[in-house]
Amino acid sequence: MTTYCSSYEHHSAADDAVGRLLAAGVDGDDIRILMGAPDHDGPAGSYAGPVTAGAPLGTYAGQAGDHDMGGFAGRPATLHRGSFATIDRETITTVEGGRTRRVQGIGHRALIGLLVDAGLDEDAAKRDVRALHDGRALVLVRGDDSVEALL
């Protein structure tokens, strides 16, 4: 069997493709949905009034803010920006038995390995992982030539 990989601009479009595959009789165990989330740490938004682009951070308790977060474990803040909310998240969803979906986290290395095993070269796999963080979704499915037309 061949593994097909198709990219979708929105997660809902990937779900629609999975629905078509299942309706055509493709075994859910042969389908994987890959999704990502962008990094979502850093200053954003405002409180009690608008903030212009590039404006400095405000003050708190009389202390002027800067864009660096505090240090941790004796390391200065300049070594790392972020907090515990700094995550880079990818998920793989399996469709078990055609109905139940199981979502689990998957790291960069494992995700790239999965895509390479599916037949992509490593550079293409890395580009696809970056695209996941821009909101795209990928559907991987094992099947014959008829599966490709359903994606």
# chains A, B, ... in the order shown; residues from 1 in each chain; ligands from 1
>>> residues_around(residues="A:Ser146", least_positions_apart="5", cutoff="12 Å", atoms="only C-alpha atoms", output="short mmCIF file (atom, residue, chain, number, x, y, z; two decimals) with C-alpha atoms, in the first residue's frame")
data_model
loop_
_atom_site.label_atom_id
_atom_site.label_comp_id
_atom_site.auth_asym_id
_atom_site.auth_seq_id
_atom_site.Cartn_x
_atom_site.Cartn_y
_atom_site.Cartn_z
CA MET A 1 0.00 0.00 0.00
CA THR A 2 1.04 3.56 -0.64
CA THR A 3 0.89 6.34 1.96
CA TYR A 4 -0.63 9.58 0.70
CA ARG A 20 -14.93 11.24 2.71
CA LEU A 21 -12.31 8.55 3.32
CA ALA A 24 -15.68 5.36 1.01
CA GLY A 25 -14.77 2.46 3.28
CA VAL A 26 -11.17 3.33 4.13
CA VAL A 141 -3.66 7.78 4.68
CA LEU A 151 -8.11 13.71 -0.49
#
>>> atom_distance(atom1="atom CA of A:Ala17", atom2="atom CA of A:Ile33")
10.0 Å
>>> residues_around(residues="stretch 103-109 of chain A", least_positions_apart="2", cutoff="12 Å", atoms="only C-alpha atoms", output="NGL selection string")
:A and (32-37 or 87-96 or 100-101 or 111-116 or 122 or 125-130 or 132-133)
>>> write_last_selection(atoms="N, CA and C atoms", output="compact mmCIF listing (two decimals), in the first residue's frame")
# COMPACT_ATOMS: atom_id res chain seq x y z
N ARG A 32 -4.35 9.19 9.55
CA ARG A 32 -3.74 10.01 10.59
C ARG A 32 -3.97 11.48 10.24
N ILE A 33 -4.35 12.28 11.23
CA ILE A 33 -4.51 13.73 11.05
C ILE A 33 -3.41 14.39 11.87
N LEU A 34 -2.62 15.24 11.22
CA LEU A 34 -1.53 15.94 11.90
C LEU A 34 -1.88 17.42 11.99
N MET A 35 -1.79 17.97 13.19
CA MET A 35 -2.10 19.38 13.39
C MET A 35 -1.05 19.99 14.31
N GLY A 36 -0.93 21.29 14.27
CA GLY A 36 0.01 22.00 15.12
C GLY A 36 -0.62 23.27 15.66
N ALA A 37 0.08 23.87 16.56
CA ALA A 37 -0.36 25.15 17.14
C ALA A 37 0.85 26.07 17.15
N ILE A 87 5.04 26.95 24.23
CA ILE A 87 4.95 25.58 23.74
C ILE A 87 4.92 25.58 22.23
N ASP A 88 5.37 24.54 21.69
CA ASP A 88 5.43 24.31 20.27
C ASP A 88 4.76 22.95 20.13
N ARG A 89 3.51 22.92 19.74
CA ARG A 89 2.74 21.70 19.90
C ARG A 89 2.29 21.13 18.57
N GLU A 90 2.51 19.86 18.41
CA GLU A 90 1.96 19.11 17.28
C GLU A 90 1.18 17.94 17.85
N THR A 91 0.10 17.60 17.15
CA THR A 91 -0.68 16.44 17.58
C THR A 91 -0.88 15.50 16.40
N ILE A 92 -1.06 14.25 16.73
CA ILE A 92 -1.43 13.24 15.75
C ILE A 92 -2.75 12.63 16.24
N THR A 93 -3.71 12.61 15.34
CA THR A 93 -5.03 12.06 15.68
C THR A 93 -5.20 10.76 14.90
N THR A 94 -5.56 9.71 15.60
CA THR A 94 -5.85 8.44 14.95
C THR A 94 -7.34 8.21 15.00
N VAL A 95 -7.85 7.61 13.95
CA VAL A 95 -9.28 7.32 13.86
C VAL A 95 -9.41 5.82 14.08
N GLU A 96 -9.80 5.45 15.28
CA GLU A 96 -9.84 4.03 15.65
C GLU A 96 -11.23 3.47 15.40
N THR A 100 -13.99 6.48 16.86
CA THR A 100 -13.31 7.09 17.99
C THR A 100 -12.02 7.74 17.55
N ARG A 101 -11.80 8.96 18.01
CA ARG A 101 -10.56 9.64 17.69
C ARG A 101 -9.69 9.72 18.93
N LEU A 111 7.59 13.48 14.53
CA LEU A 111 6.73 13.90 13.43
C LEU A 111 7.49 13.90 12.10
N ILE A 112 8.69 14.43 12.11
CA ILE A 112 9.50 14.42 10.89
C ILE A 112 9.78 12.98 10.47
N GLY A 113 10.10 12.12 11.43
CA GLY A 113 10.31 10.71 11.12
C GLY A 113 9.09 10.05 10.51
N LEU A 114 7.91 10.38 11.03
CA LEU A 114 6.66 9.83 10.49
C LEU A 114 6.47 10.26 9.04
N LEU A 115 6.73 11.53 8.76
CA LEU A 115 6.57 12.03 7.39
C LEU A 115 7.62 11.44 6.45
N VAL A 116 8.84 11.28 6.92
CA VAL A 116 9.89 10.67 6.10
C VAL A 116 9.54 9.21 5.82
N GLU A 122 13.43 14.72 3.84
CA GLU A 122 13.53 15.39 5.14
C GLU A 122 13.23 16.88 5.05
N ALA A 125 9.53 17.34 4.80
CA ALA A 125 8.92 17.04 6.10
C ALA A 125 9.08 18.22 7.06
N LYS A 126 10.25 18.84 7.07
CA LYS A 126 10.47 20.00 7.94
C LYS A 126 9.60 21.18 7.52
N ARG A 127 9.43 21.39 6.21
CA ARG A 127 8.53 22.45 5.73
C ARG A 127 7.09 22.18 6.17
N ASP A 128 6.67 20.92 6.09
CA ASP A 128 5.31 20.57 6.49
C ASP A 128 5.10 20.80 7.98
N VAL A 129 6.09 20.50 8.80
CA VAL A 129 5.98 20.74 10.24
C VAL A 129 5.84 22.24 10.51
N ARG A 130 6.62 23.06 9.80
CA ARG A 130 6.47 24.52 9.96
C ARG A 130 5.08 24.97 9.53
N LEU A 132 2.35 23.35 9.79
CA LEU A 132 1.39 23.01 10.84
C LEU A 132 1.27 24.14 11.85
N HIS A 133 2.38 24.84 12.12
CA HIS A 133 2.36 25.94 13.08
C HIS A 133 1.73 27.20 12.50
>>> atom_distance(atom1="atom CA of A:Ala118", atom2="atom CA of A:Asp134")
21.6 Å
>>> select_by_dssp(residues="stretch 99-147 of chain A", states="helix (DSSP H, G or I)", output="MDAnalysis selection string")
chainID A and resid 108:117 122:132 145:147
>>> atom_distance(atom1="atom CA of A:Asp117", atom2="atom CA of A:His11")
22.8 Å
